[in-house]
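S.K.: For reference, the file data.pdb (PDB, C-alpha atoms and all ligand atoms) is included below:
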ATOM      1  CA  MET A 155       8.308  13.209 -10.465
ATOM      2  CA  SER A 156       8.808  15.837  -7.837
ATOM      3  CA  ASN A 157       5.741  16.589  -5.827
ATOM      4  CA  GLU A 158       7.044  19.580  -3.947
ATOM      5  CA  ASN A 159       4.784  21.980  -5.775
ATOM      6  CA  MET A 160       1.652  20.030  -5.223
ATOM      7  CA  THR A 161      -1.159  21.494  -3.227
ATOM      8  CA  THR A 162      -2.308  17.966  -2.450
ATOM      9  CA  PRO A 163      -0.224  16.140   0.134
ATOM     10  CA  ASP A 164       1.583  12.883  -0.420
ATOM     11  CA  PRO A 165      -0.817   9.921  -0.144
ATOM     12  CA  ASN A 166       1.897   7.990   1.656
ATOM     13  CA  THR A 167       1.214  10.138   4.696
ATOM     14  CA  GLU A 168      -2.287   8.770   4.972
ATOM     15  CA  SER A 169      -3.021   6.930   8.180
ATOM     16  CA  GLY A 170      -5.670   6.703  10.808
ATOM     17  CA  SER A 171      -8.432   4.561  12.102
ATOM     18  CA  ARG A 172     -11.312   3.348  10.024
ATOM     19  CA  VAL A 173     -14.969   3.212  10.796
ATOM     20  CA  GLU A 174     -16.320   0.087   9.131
ATOM     21  CA  SER A 175     -19.634  -0.039   7.337
ATOM     22  CA  GLN A 176     -22.711   0.445   9.402
ATOM     23  CA  THR A 177     -25.505  -1.636   8.007
ATOM     24  CA  SER A 178     -28.494  -1.032  10.257
ATOM     25  CA  PRO A 179     -30.930   0.578   9.715
ATOM     26  CA  ARG A 180     -31.007   0.128   5.968
ATOM     27  CA  PRO A 181     -29.223   3.182   4.580
ATOM     28  CA  GLY A 182     -31.923   3.961   2.020
ATOM     29  CA  SER A 183     -34.279   4.868   4.834
ATOM     30  CA  GLU A 184     -32.320   8.077   5.272
ATOM     31  CA  VAL A 185     -32.054   9.083   1.661
ATOM     32  CA  VAL A 186     -33.195  12.633   1.215
ATOM     33  CA  ASP A 187     -35.652  13.180  -1.584
ATOM     34  CA  SER A 188     -33.643  14.694  -4.412
ATOM     35  CA  ASP A 189     -36.070  17.624  -4.616
ATOM     36  CA  GLU A 190     -35.061  18.551  -1.093
ATOM     37  CA  LEU A 191     -31.389  18.798  -1.998
ATOM     38  CA  ASN A 192     -31.490  22.439  -2.927
ATOM     39  CA  ARG A 193     -28.957  22.034  -5.666
ATOM     40  CA  PRO A 194     -29.107  22.760  -9.355
ATOM     41  CA  LYS A 195     -29.111  19.429 -11.167
ATOM     42  CA  THR A 196     -27.138  19.272 -14.343
ATOM     43  CA  SER A 197     -26.403  16.330 -16.488
ATOM     44  CA  GLU A 198     -23.039  17.780 -17.467
ATOM     45  CA  THR A 199     -20.252  15.265 -16.952
ATOM     46  CA  VAL A 200     -16.983  16.551 -15.506
ATOM     47  CA  VAL A 201     -14.975  13.357 -14.958
ATOM     48  CA  SER A 202     -15.489  10.182 -16.960
ATOM     49  CA  SER A 203     -13.738   6.893 -17.474
ATOM     50  CA  ARG A 204     -14.078   4.281 -20.151
ATOM     51  CA  ASP A 205     -12.744   0.758 -19.881
ATOM     52  CA  LEU A 206     -10.282   1.858 -17.213
ATOM     53  CA  ASP A 207      -8.005  -0.898 -15.902
ATOM     54  CA  VAL A 208      -5.497  -0.310 -13.109
ATOM     55  CA  PHE A 209      -2.711  -2.674 -12.088
ATOM     56  CA  TYR A 210      -0.176  -2.723  -9.269
ATOM     57  CA  GLY A 211       2.563  -4.875 -10.777
ATOM     58  CA  ASP A 212       0.773  -8.036 -11.942
ATOM     59  CA  THR A 213      -2.244  -7.495  -9.708
ATOM     60  CA  GLN A 214      -5.287  -5.892 -11.264
ATOM     61  CA  ALA A 215      -7.012  -3.480  -8.863
ATOM     62  CA  LEU A 216      -9.705  -2.068 -11.161
ATOM     63  CA  GLN A 217     -11.404  -3.742 -14.110
ATOM     64  CA  GLY A 218     -13.052  -1.980 -17.011
ATOM     65  CA  ILE A 219     -14.465   0.966 -15.081
ATOM     66  CA  ASP A 220     -17.000   3.057 -17.008
ATOM     67  CA  ILE A 221     -18.382   6.039 -15.137
ATOM     68  CA  GLU A 222     -19.634   9.562 -15.769
ATOM     69  CA  ILE A 223     -19.379  11.842 -12.747
ATOM     70  CA  PRO A 224     -21.777  14.802 -12.867
ATOM     71  CA  LYS A 225     -20.702  18.381 -12.273
ATOM     72  CA  LYS A 226     -21.525  20.138  -8.993
ATOM     73  CA  GLN A 227     -22.986  17.056  -7.373
ATOM     74  CA  VAL A 228     -21.724  14.699  -4.682
ATOM     75  CA  THR A 229     -20.770  11.257  -5.961
ATOM     76  CA  ALA A 230     -20.117   8.631  -3.296
ATOM     77  CA  MET A 231     -17.948   5.562  -3.830
ATOM     78  CA  ILE A 232     -18.710   2.639  -1.550
ATOM     79  CA  GLY A 233     -17.642  -0.996  -1.379
ATOM     80  CA  PRO A 234     -15.699  -3.437   0.759
ATOM     81  CA  SER A 235     -12.084  -2.906   1.732
ATOM     82  CA  GLY A 236      -9.658  -3.539  -1.115
ATOM     83  CA  CYS A 237     -12.211  -3.159  -3.939
ATOM     84  CA  GLY A 238     -10.320  -0.230  -5.459
ATOM     85  CA  LYS A 239     -12.153   2.890  -4.273
ATOM     86  CA  SER A 240      -9.001   4.804  -3.310
ATOM     87  CA  THR A 241      -7.262   3.573  -6.442
ATOM     88  CA  PHE A 242     -10.036   5.032  -8.595
ATOM     89  CA  LEU A 243     -10.041   8.312  -6.695
ATOM     90  CA  ARG A 244      -6.269   8.637  -7.119
ATOM     91  CA  CYS A 245      -6.574   7.990 -10.866
ATOM     92  CA  ILE A 246      -8.690  11.108 -11.250
ATOM     93  CA  ASN A 247      -5.908  13.538 -10.309
ATOM     94  CA  ARG A 248      -3.020  11.221 -11.154
ATOM     95  CA  MET A 249      -1.902  10.674  -7.583
ATOM     96  CA  ASN A 250      -1.232   7.072  -8.673
ATOM     97  CA  ASP A 251       1.724   8.476 -10.656
ATOM     98  CA  LEU A 252       3.514   8.540  -7.312
ATOM     99  CA  ILE A 253       3.227   4.727  -6.971
ATOM    100  CA  ASP A 254       5.937   3.119  -9.095
ATOM    101  CA  SER A 255       4.184  -0.224  -9.619
ATOM    102  CA  CYS A 256       0.927   1.370 -10.745
ATOM    103  CA  ARG A 257      -0.076   1.057 -14.407
ATOM    104  CA  ILE A 258      -3.206   2.465 -16.017
ATOM    105  CA  GLU A 259      -4.943   1.424 -19.234
ATOM    106  CA  GLY A 260      -8.065   2.866 -20.824
ATOM    107  CA  GLU A 261      -9.414   6.356 -20.709
ATOM    108  CA  LEU A 262      -9.959   8.819 -17.892
ATOM    109  CA  LYS A 263     -11.188  12.234 -18.913
ATOM    110  CA  PHE A 264     -11.466  15.480 -17.015
ATOM    111  CA  GLU A 265     -13.826  17.552 -19.092
ATOM    112  CA  ALA A 266     -12.844  16.691 -22.663
ATOM    113  CA  LYS A 267      -9.208  15.824 -22.008
ATOM    114  CA  ASN A 268      -7.683  12.437 -21.194
ATOM    115  CA  VAL A 269      -5.688  13.167 -18.032
ATOM    116  CA  TYR A 270      -3.099  10.545 -19.021
ATOM    117  CA  ASP A 271      -2.241  12.264 -22.305
ATOM    118  CA  SER A 272       1.474  13.065 -22.461
ATOM    119  CA  ASP A 273       0.870  16.827 -22.591
ATOM    120  CA  VAL A 274      -1.040  16.942 -19.274
ATOM    121  CA  ASP A 275       0.945  18.407 -16.375
ATOM    122  CA  PRO A 276      -0.089  16.467 -13.257
ATOM    123  CA  VAL A 277       0.779  19.358 -10.944
ATOM    124  CA  ALA A 278      -1.490  21.704 -12.894
ATOM    125  CA  LEU A 279      -4.164  18.997 -12.967
ATOM    126  CA  ARG A 280      -4.060  18.682  -9.173
ATOM    127  CA  ARG A 281      -4.675  22.414  -8.842
ATOM    128  CA  ARG A 282      -7.985  21.856 -10.582
ATOM    129  CA  ILE A 283      -8.719  18.559  -8.836
ATOM    130  CA  GLY A 284      -7.866  18.825  -5.143
ATOM    131  CA  MET A 285      -7.791  16.053  -2.579
ATOM    132  CA  VAL A 286      -8.602  15.583   1.106
ATOM    133  CA  PHE A 287      -7.468  12.454   2.926
ATOM    134  CA  GLN A 288      -8.809  10.213   5.653
ATOM    135  CA  SER A 289      -6.500  11.434   8.349
ATOM    136  CA  PRO A 290      -6.362  15.237   8.693
ATOM    137  CA  ASN A 291      -2.865  16.298   7.663
ATOM    138  CA  PRO A 292      -2.324  20.031   8.170
ATOM    139  CA  PHE A 293       1.201  21.233   7.533
ATOM    140  CA  PRO A 294       3.199  22.157  10.657
ATOM    141  CA  LYS A 295       2.495  25.814   9.953
ATOM    142  CA  THR A 296       0.022  28.375  11.182
ATOM    143  CA  ILE A 297      -3.665  28.136  10.351
ATOM    144  CA  TYR A 298      -3.247  31.116   8.025
ATOM    145  CA  GLU A 299      -0.213  29.652   6.264
ATOM    146  CA  ASN A 300      -1.949  26.312   5.762
ATOM    147  CA  VAL A 301      -4.728  27.997   3.816
ATOM    148  CA  ALA A 302      -2.412  30.434   2.010
ATOM    149  CA  TYR A 303       0.062  27.703   1.006
ATOM    150  CA  GLY A 304      -1.293  26.760  -2.430
ATOM    151  CA  LEU A 305      -1.993  30.364  -3.395
ATOM    152  CA  LYS A 306       1.562  31.388  -2.503
ATOM    153  CA  ILE A 307       2.986  28.595  -4.646
ATOM    154  CA  GLN A 308       0.893  29.849  -7.520
ATOM    155  CA  GLY A 309       2.063  33.425  -6.893
ATOM    156  CA  LYS A 310      -1.523  34.539  -6.252
ATOM    157  CA  THR A 311      -0.714  36.647  -3.214
ATOM    158  CA  GLU A 312      -3.043  39.589  -3.922
ATOM    159  CA  ASN A 313      -5.839  40.031  -1.367
ATOM    160  CA  MET A 314      -4.438  37.066   0.507
ATOM    161  CA  ASP A 315      -6.173  37.909   3.787
ATOM    162  CA  GLN A 316      -9.528  37.990   2.059
ATOM    163  CA  LYS A 317      -8.867  34.736   0.198
ATOM    164  CA  VAL A 318      -7.843  32.987   3.417
ATOM    165  CA  GLU A 319     -10.957  34.281   5.159
ATOM    166  CA  ASP A 320     -13.204  33.192   2.275
ATOM    167  CA  ALA A 321     -11.724  29.681   2.207
ATOM    168  CA  LEU A 322     -12.097  29.305   5.978
ATOM    169  CA  LYS A 323     -15.689  30.534   5.747
ATOM    170  CA  SER A 324     -16.446  28.093   2.944
ATOM    171  CA  ALA A 325     -14.997  25.338   5.108
ATOM    172  CA  ALA A 326     -17.242  26.389   8.026
ATOM    173  CA  LEU A 327     -14.195  27.045  10.205
ATOM    174  CA  TRP A 328     -13.815  30.835  10.210
ATOM    175  CA  ASP A 329     -15.777  31.576  13.370
ATOM    176  CA  GLU A 330     -13.740  29.061  15.329
ATOM    177  CA  VAL A 331     -10.305  30.257  14.192
ATOM    178  CA  LYS A 332     -10.574  33.939  13.220
ATOM    179  CA  ASP A 333      -8.869  35.039  16.457
ATOM    180  CA  ARG A 334      -6.084  32.465  16.289
ATOM    181  CA  LEU A 335      -4.919  32.473  12.687
ATOM    182  CA  ASP A 336      -1.266  32.554  13.738
ATOM    183  CA  GLU A 337      -1.514  29.444  15.898
ATOM    184  CA  SER A 338      -0.333  26.119  14.534
ATOM    185  CA  GLY A 339      -2.826  24.127  12.468
ATOM    186  CA  LEU A 340      -1.700  21.133  14.475
ATOM    187  CA  ASP A 341      -3.196  22.653  17.643
ATOM    188  CA  LEU A 342      -6.733  22.340  16.288
ATOM    189  CA  SER A 343      -9.045  19.429  17.119
ATOM    190  CA  GLY A 344      -9.279  16.552  14.626
ATOM    191  CA  GLY A 345     -12.531  17.833  13.144
ATOM    192  CA  GLN A 346     -11.155  21.371  12.877
ATOM    193  CA  GLN A 347      -7.963  20.043  11.282
ATOM    194  CA  GLN A 348     -10.020  18.237   8.660
ATOM    195  CA  ARG A 349     -11.987  21.413   7.894
ATOM    196  CA  LEU A 350      -8.637  23.257   7.700
ATOM    197  CA  CYS A 351      -7.492  20.706   5.109
ATOM    198  CA  ILE A 352     -10.734  21.302   3.219
ATOM    199  CA  ALA A 353     -10.094  25.081   3.412
ATOM    200  CA  ARG A 354      -6.560  24.483   2.101
ATOM    201  CA  ALA A 355      -7.969  22.441  -0.791
ATOM    202  CA  ILE A 356     -10.601  25.005  -1.762
ATOM    203  CA  ALA A 357      -8.377  28.079  -1.344
ATOM    204  CA  VAL A 358      -6.834  27.430  -4.768
ATOM    205  CA  ASP A 359     -10.330  27.303  -6.277
ATOM    206  CA  PRO A 360     -10.337  23.798  -7.743
ATOM    207  CA  GLU A 361     -13.210  22.456  -9.816
ATOM    208  CA  VAL A 362     -13.292  18.990  -8.287
ATOM    209  CA  ILE A 363     -12.596  17.912  -4.704
ATOM    210  CA  LEU A 364     -11.729  14.272  -4.062
ATOM    211  CA  MET A 365     -12.219  13.052  -0.502
ATOM    212  CA  ASP A 366     -10.997   9.669   0.692
ATOM    213  CA  GLU A 367     -12.962   8.766   3.843
ATOM    214  CA  PRO A 368     -12.715  12.357   5.114
ATOM    215  CA  ALA A 369     -14.763  11.771   8.252
ATOM    216  CA  SER A 370     -13.753   8.281   9.286
ATOM    217  CA  ALA A 371     -11.224   9.455  11.882
ATOM    218  CA  LEU A 372     -13.667  11.975  13.405
ATOM    219  CA  ASP A 373     -16.172  11.824  16.251
ATOM    220  CA  PRO A 374     -19.923  12.005  15.486
ATOM    221  CA  VAL A 375     -20.198  15.792  15.990
ATOM    222  CA  ALA A 376     -17.202  16.547  13.767
ATOM    223  CA  THR A 377     -18.469  13.987  11.240
ATOM    224  CA  SER A 378     -21.799  15.722  11.064
ATOM    225  CA  GLN A 379     -20.091  19.115  10.538
ATOM    226  CA  VAL A 380     -17.985  17.714   7.719
ATOM    227  CA  GLU A 381     -21.077  16.078   6.160
ATOM    228  CA  ASP A 382     -22.980  19.389   6.229
ATOM    229  CA  LEU A 383     -19.973  21.065   4.695
ATOM    230  CA  ILE A 384     -19.751  18.521   1.867
ATOM    231  CA  SER A 385     -23.381  19.125   0.941
ATOM    232  CA  ASP A 386     -22.722  22.881   0.856
ATOM    233  CA  LEU A 387     -19.540  22.459  -1.210
ATOM    234  CA  ALA A 388     -21.529  20.807  -3.998
ATOM    235  CA  GLU A 389     -23.099  24.167  -4.774
ATOM    236  CA  GLU A 390     -19.702  25.312  -6.053
ATOM    237  CA  TYR A 391     -17.671  22.182  -6.660
ATOM    238  CA  THR A 392     -17.910  18.636  -7.897
ATOM    239  CA  VAL A 393     -17.283  16.362  -4.918
ATOM    240  CA  VAL A 394     -16.255  12.713  -5.137
ATOM    241  CA  ILE A 395     -16.154  11.017  -1.760
ATOM    242  CA  VAL A 396     -15.100   7.530  -0.695
ATOM    243  CA  THR A 397     -16.830   6.350   2.437
ATOM    244  CA  HIS A 398     -17.256   3.128   4.393
ATOM    245  CA  ASN A 399     -20.288   4.580   6.089
ATOM    246  CA  MET A 400     -23.325   3.753   4.005
ATOM    247  CA  GLN A 401     -25.638   6.014   5.968
ATOM    248  CA  GLN A 402     -23.246   8.832   5.158
ATOM    249  CA  ALA A 403     -23.325   8.008   1.434
ATOM    250  CA  ALA A 404     -27.121   7.878   1.583
ATOM    251  CA  ARG A 405     -27.335  11.190   3.438
ATOM    252  CA  ILE A 406     -24.981  13.358   1.443
ATOM    253  CA  SER A 407     -24.583  12.026  -2.087
ATOM    254  CA  ASP A 408     -26.577  12.481  -5.265
ATOM    255  CA  LYS A 409     -24.973   9.540  -7.065
ATOM    256  CA  THR A 410     -23.502   6.365  -5.643
ATOM    257  CA  ALA A 411     -20.970   4.042  -7.232
ATOM    258  CA  VAL A 412     -20.714   0.555  -5.716
ATOM    259  CA  PHE A 413     -17.394  -1.188  -6.247
ATOM    260  CA  LEU A 414     -17.153  -4.847  -5.266
ATOM    261  CA  THR A 415     -14.318  -7.266  -4.678
ATOM    262  CA  GLY A 416     -12.204  -7.766  -7.754
ATOM    263  CA  GLY A 417     -12.211  -4.097  -8.656
ATOM    264  CA  GLU A 418     -15.493  -4.017 -10.556
ATOM    265  CA  LEU A 419     -17.887  -1.097 -10.599
ATOM    266  CA  VAL A 420     -21.086  -3.081 -10.179
ATOM    267  CA  GLU A 421     -23.635  -0.301  -9.963
ATOM    268  CA  PHE A 422     -23.680   3.455 -10.502
ATOM    269  CA  ASP A 423     -26.913   5.371 -10.246
ATOM    270  CA  ASP A 424     -28.865   7.944  -8.277
ATOM    271  CA  THR A 425     -28.172   7.346  -4.596
ATOM    272  CA  GLN A 426     -31.824   6.805  -3.789
ATOM    273  CA  LYS A 427     -32.126   4.138  -6.496
ATOM    274  CA  VAL A 428     -28.960   2.334  -5.392
ATOM    275  CA  PHE A 429     -30.047   2.132  -1.768
ATOM    276  CA  GLU A 430     -33.754   1.541  -2.251
ATOM    277  CA  ASN A 431     -33.940  -0.552  -5.375
ATOM    278  CA  PRO A 432     -30.533  -1.705  -6.646
ATOM    279  CA  GLU A 433     -30.368  -3.567  -9.946
ATOM    280  CA  SER A 434     -27.780  -6.072  -8.796
ATOM    281  CA  GLN A 435     -28.357  -8.772  -6.192
ATOM    282  CA  ARG A 436     -24.711  -8.434  -5.130
ATOM    283  CA  VAL A 437     -25.242  -4.746  -4.412
ATOM    284  CA  GLU A 438     -28.457  -5.517  -2.516
ATOM    285  CA  ASP A 439     -26.534  -8.069  -0.431
ATOM    286  CA  TYR A 440     -23.723  -5.608   0.212
ATOM    287  CA  ILE A 441     -25.852  -2.684   1.304
ATOM    288  CA  THR A 442     -28.070  -4.833   3.512
ATOM    289  CA  GLY A 443     -24.975  -6.170   5.237
ATOM    290  CA  LYS A 444     -25.070  -9.751   3.983
ATOM    291  CA  PHE A 445     -21.440  -9.501   2.995
ATOM    292  CA  GLY A 446     -18.614  -7.038   2.818
TER     293      GLY A 446
HETATM  294  N1  LIG B   1       0.489   1.099  -3.415
HETATM  295  C1  LIG B   1      -0.005  -0.112  -3.689
HETATM  296  N2  LIG B   1       0.801  -1.119  -4.095
HETATM  297  C2  LIG B   1       0.311  -2.342  -4.382
HETATM  298  N3  LIG B   1      -0.983  -2.683  -4.292
HETATM  299  C3  LIG B   1      -1.834  -1.733  -3.895
HETATM  300  C4  LIG B   1      -1.401  -0.402  -3.563
HETATM  301  N4  LIG B   1      -2.468   0.326  -3.212
HETATM  302  C5  LIG B   1      -3.530  -0.520  -3.294
HETATM  303  N5  LIG B   1      -3.160  -1.744  -3.697
HETATM  304  C6  LIG B   1      -4.037  -2.908  -3.909
HETATM  305  O1  LIG B   1      -5.067  -2.541  -4.821
HETATM  306  C7  LIG B   1      -6.331  -3.046  -4.386
HETATM  307  C8  LIG B   1      -7.293  -1.871  -4.186
HETATM  308  O2  LIG B   1      -6.799  -1.068  -3.106
HETATM  309  P1  LIG B   1      -7.492   0.284  -2.681
HETATM  310  O3  LIG B   1      -6.632   0.887  -1.645
HETATM  311  O4  LIG B   1      -7.815   1.068  -3.885
HETATM  312  O5  LIG B   1      -8.864  -0.273  -2.051
HETATM  313  P2  LIG B   1      -9.981   0.494  -1.219
HETATM  314  O6  LIG B   1     -11.288   0.092  -1.822
HETATM  315  O7  LIG B   1      -9.683   1.937  -1.141
HETATM  316  O8  LIG B   1      -9.845  -0.189   0.221
HETATM  317  P3  LIG B   1     -10.095   0.441   1.681
HETATM  318  O9  LIG B   1     -11.591   0.523   1.810
HETATM  319  O10 LIG B   1      -9.497  -0.576   2.587
HETATM  320  O11 LIG B   1      -9.411   1.773   1.738
HETATM  321  C9  LIG B   1      -6.058  -3.847  -3.120
HETATM  322  O12 LIG B   1      -5.921  -5.191  -3.478
HETATM  323  C10 LIG B   1      -4.749  -3.295  -2.628
HETATM  324  O13 LIG B   1      -4.020  -4.267  -1.931
HETATM  325 MG    MG B   2      -9.202   3.219   0.428
END
Translate the structure of the given file into structure tokens.

M.R.:
Amino acid sequence: MSNENMTTPDPNTESGSRVESQTSPRPGSEVVDSDELNRPKTSETVVSSRDLDVFYGDTQALQGIDIEIPKKQVTAMIGPSGCGKSTFLRCINRMNDLIDSCRIEGELKFEAKNVYDSDVDPVALRRRIGMVFQSPNPFPKTIYENVAYGLKIQGKTENMDQKVEDALKSAALWDEVKDRLDESGLDLSGGQQQRLCIARAIAVDPEVILMDEPASALDPVATSQVEDLISDLAEEYTVVIVTHNMQQAARISDKTAVFLTGGELVEFDDTQKVFENPESQRVEDYITGKFG
């Protein structure tokens, strides 16, 4: 399949350093009371999977995943390296289509529709479910063109200046770049580049934003800016974020999914419950740093 029209970049360009799990203090100690997250709570499910198995060749990466991801909330996916977090995220907008050896069984629905049905156009799907990667990957174009890129492809060029400004404002980057929109996106700092990639993803007005370790290549200040931004984005969008940083999951997510080795989803619940009183001993051991 050609991916030239995609607004989400090729996952094969992902790279960058990784911040491993931080296990002290116990992440639950920082969980914000859900009443303080000034966010409308709905129980409406936007993405769901049932008995989802994923294989790379003969190797099974995910086993029987059942999950219901709520609309306009932040869902965090945590778990040790290799447990299948990125694989699951890529299933949601069919980025795994780009990996030849990858095979998917079971059901994955976006709203009421199985995204693997033969009549689903993956390019159109990715317009509604955008993605931001670990390593900021602006295109070698101006700041303006980076944000305008997806809209141009869709032929939505009316009021472009306003749309670019709105996306940059939503990504908390406007004030820093409004006087340099015609400079290269590559000249921005790492944290600014990541917010530019977030602006690029939201410019096309998706419903869901998938983020695979979006802050792990950033310094603490830039990380904190991106975390604040993610919390704000959940007022408009459904956010699904993979992170190795358990404090980050505890701080910014409403729901947490814990994947463990072997590609199992072992626990999925309100973030506060998962960190403070998990059902599973294996999850308790993982989040308190006894393994992983
Ligand atoms: N393109 C691929 N081809 C073959 N196997 C793959 C591919 N991508 C992932 N895998 C395998 O699938 C399993 C899950 O990988 P995945 O990248 O989803 O894990 P992860 O939880 O995101 O790990 P990390 O925290 O290190 O990013 C691993 O065993 C991995 O080796
Ligand atoms: Mg990963």

S.K.: Of the candidates A:Val269, A:Ala321, A:Ala230, A:Leu243, which shows the shortest atom-to-atom distance to ligand MG 2 (chain B), using only C-alpha atoms and all ligand atoms?

M.R.: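 Between A:Val269, A:Ala321, A:Ala230, A:Leu243, the residue approaching ligand MG 2 (chain B) most closely is A:Leu243.
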
S.K.: Quick one: apply the PyMOL selection byres (((not hetatm)) within 8 of (chain B and resi 2)) to the file and drop the selected residues here as a VMD selection string.

M.R.: chain A and resid 235 to 236 238 to 241 366 to 367 396

S.K.: Starting from the displayed file, determine the output of the PyMOL selection byres (((not hetatm)) within 8 of (chain B and resi 1)) and express the residue list as a ChimeraX atom specification.

M.R.: /A:209-211,213-216,232-242,253,255-256,396-398,413,417

S.K.: Between A:Leu414, A:Asn291, A:Glu438, A:Met365, which one has atoms that come closest to Ile395 (chain A), using only C-alpha atoms?

M.R.: A:Met365

S.K.: Applying the PyMOL selection byres (((chain A and resi 439) around 12) and not hetatm) to the file I just gave you, which residues come out? Please list them as a ChimeraX atom specification.

M.R.: /A:177,180,233-234,412,414,428-429,431-438,440-446

S.K.: Residues within 7 Å of region 244-247 of chain A, please, as a count of residues only. Count only C-alpha atoms; anything in the same chain fewer than 4 positions from it doesn't count.

M.R.: 4

S.K.: What are the centre and the three edge lengths of an axis-aligned box that wraps all atoms of region 350-355 of chain A in the file, given that 4 Å is added to every side, written as AutoDock Vina command-line options and rounded to one decimal in Å?

M.R.:
--center_x -8.6 --center_y 22.9 --center_z 3.5 --size_x 12.2 --size_y 12.4 --size_z 16.5

S.K.: Could you pull out every residue with an atom within 10 Å of (-4.9, 29.0, -3.1), file coordinates, counting all atoms listed in the file, and send them as an MDAnalysis selection string?

M.R.: chainID A and resid 161 281 300:311 314 317:318 321 353:360

S.K.: Quick one: pull the distance between CA of Asp205 (chain A) and CA of Glu261 (chain A), Å, one decimal.

M.R.: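 Between these atoms lies a distance of 6.6 Å.
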
S.K.: Quick one: distance from CA of Asp382 (chain A) to CA of Gln401 (chain A) in Å, one decimal?

M.R.: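 Those two atoms sit 13.6 Å apart.
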
S.K.: Provide the CA of Gln426 (chain A) to CA of Ala411 (chain A) distance in Å, to one decimal place.

M.R.: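 Here the two named atoms are 11.7 Å from each other.
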
S.K.: Looking at all atoms listed in the file, which of A:Val228, A:Asp254, A:Val394, A:Leu262 is the one that sits closest to Arg204 (chain A)?

M.R.: A:Leu262

S.K.: Find the residues near Thr377 (chain A): any atom within 12 Å, counting only C-alpha atoms, skip ones fewer than 2 places away on the same chain, and give them as a list in words.

M.R.: Val173, Gln288, Gly344, Gly345, Gln346, Gln348, Arg349, Glu367, Pro368, Ala369, Ser370, Ala371, Leu372, Asp373, Pro374, Val375, Gln379, Val380, Glu381, Asp382, Leu383, Ile384, Thr397, Asn399, Gln401, Gln402 and Ile406 of chain A

S.K.: Taking into account all atoms listed in the file, which residue in the set A:Leu342, A:Lys409, A:Leu206, A:Thr229 is nearest to Tyr270 (chain A)?

M.R.: A:Leu206

S.K.: Out of A:Met231, A:Ala266, A:Val420, A:Leu335, which residue has the shortest atom-to-atom distance to Leu350 (chain A) when counting only C-alpha atoms?

M.R.: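 Ranking A:Met231, A:Ala266, A:Val420, A:Leu335 by distance to Leu350 (chain A), first place goes to A:Leu335.
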
S.K.: Identify which of the residues A:Thr415, A:Ser272, A:Ser338, A:Ser202 lies closest to Ile219 (chain A), counting all atoms listed in the file when measuring atom-to-atom distances.

M.R.: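 So, comparing all the options, the nearest one is A:Ser202.
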
S.K.: Would you mind completing region 402-414 of chain A so that it carries N, CA and C atoms, and writing it out as a short mmCIF file (atom, residue, chain, number, x, y, z; two decimals), in the coordinates of the input?

M.R.:
data_model
loop_
_atom_site.label_atom_id
_atom_site.label_comp_id
_atom_site.auth_asym_id
_atom_site.auth_seq_id
_atom_site.Cartn_x
_atom_site.Cartn_y
_atom_site.Cartn_z
N GLN A 402 -23.82 7.57 5.61
CA GLN A 402 -23.25 8.83 5.16
C GLN A 402 -23.42 8.99 3.64
N ALA A 403 -23.14 7.94 2.90
CA ALA A 403 -23.32 8.01 1.43
C ALA A 403 -24.78 8.33 1.12
N ALA A 404 -25.70 7.66 1.84
CA ALA A 404 -27.12 7.88 1.58
C ALA A 404 -27.53 9.31 1.93
N ARG A 405 -26.95 9.84 3.00
CA ARG A 405 -27.34 11.19 3.44
C ARG A 405 -26.83 12.28 2.51
N ILE A 406 -25.59 12.16 2.05
CA ILE A 406 -24.98 13.36 1.44
C ILE A 406 -24.76 13.27 -0.06
N SER A 407 -24.95 12.09 -0.67
CA SER A 407 -24.58 12.03 -2.09
C SER A 407 -25.80 12.04 -3.00
N ASP A 408 -25.56 12.52 -4.22
CA ASP A 408 -26.58 12.48 -5.26
C ASP A 408 -26.47 11.18 -6.05
N LYS A 409 -25.23 10.77 -6.30
CA LYS A 409 -24.97 9.54 -7.06
C LYS A 409 -24.13 8.62 -6.21
N THR A 410 -24.33 7.33 -6.37
CA THR A 410 -23.50 6.36 -5.64
C THR A 410 -22.94 5.33 -6.62
N ALA A 411 -21.65 5.09 -6.46
CA ALA A 411 -20.97 4.04 -7.23
C ALA A 411 -20.62 2.92 -6.26
N VAL A 412 -21.03 1.70 -6.58
CA VAL A 412 -20.71 0.56 -5.72
C VAL A 412 -19.65 -0.29 -6.40
N PHE A 413 -18.47 -0.33 -5.77
CA PHE A 413 -17.39 -1.19 -6.25
C PHE A 413 -17.45 -2.47 -5.41
N LEU A 414 -17.19 -3.61 -6.04
CA LEU A 414 -17.15 -4.85 -5.27
C LEU A 414 -15.83 -5.56 -5.50
#
